[in-house]
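Engineer: Handing you a structure now.
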Amino acid sequence: MRTQTNDAAPLGRPDQDVAERPQERRRPPLTRTHKILFVVTLALYVVVVVGVLTNTWLVDLDWDAMLAKPYKRWPQLLPFLNVWIIVGQRGPSAIAACVWLVWRSYRTRSTRPLLVMAAALLLLNLTVGAVKIVTGRLGPHYAHYIGSPELFAGGQIFPSGHTANSVVTWGVIAYLAVRLRRTGSVAAGVTAASIGLTTVYLGTHWITDVVAGWTAGLLVLLVLPLCEPAIATADERIRAAWGRRTGRPPTAPGRPAAGWSPWDKAVQDELAGVGGGASGGGTHSPGRSGARA
């Protein structure tokens with residue numbers, strides 16, 4: 001008569017040995033909503049890119065918005081939006097994000113926040129940069145022929161890098177937030193939306209540039225969870241190398257140092273269950289389950 005055993009346990013070894021072994025690092029399971037959002041976003045991105053390349057009604061919409069000259073219709077908004085477009089994108093936002101990421105890495109004793117941002121920016125530049133080079137689209141201020149998509153003319157305006165960068169920068173901060181993830185997501189969405197619309201108002205981007213930038217940035221954020229195993233491996237190696245250099249063993253994620261606040265412990269709980277904790281259906285730390293038992 002066969003006895004019920006733990007499927008994860010090797011032959012001839014007790015189940016408790018399995019609990020002591022490090023967890024197998026797997027890609028986090030994506031929820032049905034996550035998959036649907038990815039498919040819808042990808043479809044919208046493809047529609048916009050193909051619509052511009054084939055000179056459809058989307059290009060006419062671009063020209064209608066450009067010829068309307070919003071900055072002349074509502075000149076009272078110009079001083080404020082000129083400042084906002086500088087603060088909300090590129091340099092200033094990158095500095096603010098970098099300061100927060102360094103602080104977060106210090107508090108969690110982990111390089112994961114910095115690695116997540118690096119991975120997101122790498123994905124962004126590879127994908128958006130490739131489309132920019134291939135399409136070579138000129139911006140509204142440099143357009144030559146009314147009704148033309150202004151493609152293959154040596155420009156680098158499509159998709160909007162400023163918009164995509166805003167989506168990724170603030171989206172990664174929201175992604176890394178623990179207690180304020182929902183609030184951070186709303187703030188990131190509002191910031192990215194306003195940055196994109198501001199570029200249309202100023203006439204520096206076509207509407208399709210902005211929509212493509214929004215979707216390209218969102219696609220990067222949606223793919224980012226699949227990079228977590230590689231990020232976790234890189235983080236472990238960096239912490240191990242730093243421990244060898246300083247002569248002190250690195251603090252493992254999920255084991256907060258004494259005196260840490262509940263907020264810091266929540267961060268460590270998330271790091272200990274990288275992949276599963278963020279999506280709501282992941283693995284549990286053996287140490288935690290054992291303590292409860």
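In the structure tokens, each chain is lettered A, B, ... as it comes, each chain's residues begin at 1, and ligands are numbered from 1 in order of appearance.
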What's the 7 Å shell around segment 169-184 of chain A, counting only C-alpha atoms, without same-chain residues fewer than 3 positions away, as a list in words?
Structural biologist: Pro113, Met117, Asn165, Ser166, Ala187, Ala188, Leu221 and Val267 of chain A
Engineer: Those residues you just picked out, can you put them in a file as a compact mmCIF listing (two decimals), in the first residue's frame with C-alpha atoms?
Structural biologist:
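Dumped everything to again27.txt:
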# COMPACT_ATOMS: atom_id res chain seq x y z
CA PRO A 113 15.29 48.34 -7.41
CA MET A 117 14.96 50.10 -13.57
CA ASN A 165 10.32 57.14 -20.94
CA SER A 166 7.79 58.83 -18.67
CA ALA A 187 0.06 58.89 -10.21
CA ALA A 188 2.30 57.27 -12.85
CA LEU A 221 6.11 47.30 -17.79
CA VAL A 267 9.51 45.05 1.40
Engineer: DSSP on the backbone, helix (DSSP H, G or I) only: what residues of segment 65-189 of chain A does that give? Format it as a CSV table (one decimal) with C-alpha atoms, in the first residue's frame.
Structural biologist:
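New file part_4.csv:
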chain,number,residue,atom,x,y,z
A,65,ALA,CA,-4.2,68.4,-34.4
A,66,MET,CA,-1.0,70.0,-35.7
A,67,LEU,CA,-2.8,72.5,-37.8
A,68,ALA,CA,-5.1,73.4,-34.9
A,70,PRO,CA,-3.2,74.3,-29.5
A,71,TYR,CA,-0.3,76.4,-28.2
A,72,LYS,CA,-1.8,79.4,-30.0
A,73,ARG,CA,-5.4,78.6,-29.1
A,75,PRO,CA,-1.5,80.5,-24.9
A,76,GLN,CA,-2.2,81.0,-21.2
A,77,LEU,CA,-1.2,77.3,-20.6
A,78,LEU,CA,2.2,77.7,-22.3
A,79,PRO,CA,4.3,79.0,-19.4
A,80,PHE,CA,3.1,76.2,-17.0
A,81,LEU,CA,3.3,73.4,-19.6
A,82,ASN,CA,6.8,74.5,-20.7
A,83,VAL,CA,8.0,74.0,-17.2
A,84,TRP,CA,6.0,70.7,-16.7
A,85,ILE,CA,7.4,69.1,-19.9
A,86,ILE,CA,11.0,69.7,-18.6
A,87,VAL,CA,10.3,68.6,-15.0
A,90,ARG,CA,14.2,62.9,-19.0
A,91,GLY,CA,16.8,64.6,-16.8
A,92,PRO,CA,14.8,65.9,-13.8
A,93,SER,CA,12.6,62.8,-13.5
A,94,ALA,CA,15.6,60.5,-14.0
A,95,ILE,CA,17.4,62.2,-11.2
A,96,ALA,CA,14.4,62.0,-8.8
A,97,ALA,CA,13.9,58.4,-9.7
A,98,CYS,CA,17.6,57.5,-9.2
A,99,VAL,CA,17.6,59.1,-5.8
A,100,TRP,CA,14.5,57.1,-4.8
A,101,LEU,CA,15.9,53.9,-6.2
A,102,VAL,CA,19.2,54.3,-4.3
A,103,TRP,CA,17.3,55.0,-1.1
A,104,ARG,CA,15.1,52.0,-1.7
A,105,SER,CA,18.1,49.8,-2.4
A,106,TYR,CA,19.8,50.9,0.8
A,107,ARG,CA,16.6,50.3,2.9
A,108,THR,CA,16.1,46.8,1.5
A,112,ARG,CA,16.8,44.8,-7.1
A,113,PRO,CA,15.3,48.3,-7.4
A,114,LEU,CA,18.2,49.6,-9.5
A,115,LEU,CA,18.3,46.4,-11.5
A,116,VAL,CA,14.6,46.5,-12.3
A,117,MET,CA,15.0,50.1,-13.6
A,118,ALA,CA,18.0,49.1,-15.6
A,119,ALA,CA,16.2,46.2,-17.2
A,120,ALA,CA,13.2,48.3,-18.0
A,121,LEU,CA,15.3,51.1,-19.6
A,122,LEU,CA,17.2,48.5,-21.6
A,123,LEU,CA,14.0,47.0,-22.9
A,124,LEU,CA,12.6,50.4,-23.7
A,125,ASN,CA,15.7,51.6,-25.6
A,126,LEU,CA,16.0,48.4,-27.6
A,127,THR,CA,12.3,48.4,-28.7
A,128,VAL,CA,11.5,52.0,-29.1
A,129,GLY,CA,14.9,52.9,-30.5
A,130,ALA,CA,14.6,50.3,-33.2
A,131,VAL,CA,11.3,51.6,-34.4
A,132,LYS,CA,12.6,55.2,-34.3
A,133,ILE,CA,15.5,54.3,-36.6
A,134,VAL,CA,13.4,52.2,-39.0
A,135,THR,CA,10.6,54.7,-39.4
A,140,PRO,CA,5.4,68.4,-36.8
A,141,HIS,CA,7.7,71.4,-36.7
A,142,TYR,CA,9.9,69.8,-39.5
A,161,GLY,CA,10.6,58.5,-26.5
A,162,HIS,CA,9.7,61.2,-24.0
A,163,THR,CA,6.3,59.7,-23.5
A,164,ALA,CA,7.5,56.1,-23.3
A,165,ASN,CA,10.3,57.1,-20.9
A,166,SER,CA,7.8,58.8,-18.7
A,167,VAL,CA,5.6,55.7,-18.6
A,168,VAL,CA,8.5,53.5,-17.8
A,169,THR,CA,10.2,55.7,-15.2
A,170,TRP,CA,7.2,56.4,-13.1
A,171,GLY,CA,5.7,53.0,-13.8
A,172,VAL,CA,8.8,51.2,-12.4
A,173,ILE,CA,8.5,53.3,-9.2
A,174,ALA,CA,4.9,52.2,-8.9
A,175,TYR,CA,5.9,48.6,-9.7
A,176,LEU,CA,8.5,48.7,-6.9
A,181,ARG,CA,1.4,50.5,-5.4
A,182,ARG,CA,-2.2,51.4,-6.4
A,183,THR,CA,-1.7,55.1,-5.6
A,184,GLY,CA,1.6,55.0,-7.4
A,185,SER,CA,0.1,53.4,-10.4
A,186,VAL,CA,-2.6,56.2,-10.7
A,187,ALA,CA,0.1,58.9,-10.2
A,188,ALA,CA,2.3,57.3,-12.8
A,189,GLY,CA,-0.6,57.0,-15.3
Engineer: If I take atom CA of Tyr145 of chain A and atom CA of Gly51 of chain A, how far is one from the other in Å, to one decimal?
Structural biologist: 17.9 Å
Engineer: Select, from A:Ala232, A:Ala143, A:Ala153, A:Leu219, the residue with the minimum atom-to-atom distance to Lys35 of chain A, counting only C-alpha atoms.
Structural biologist: A:Leu219
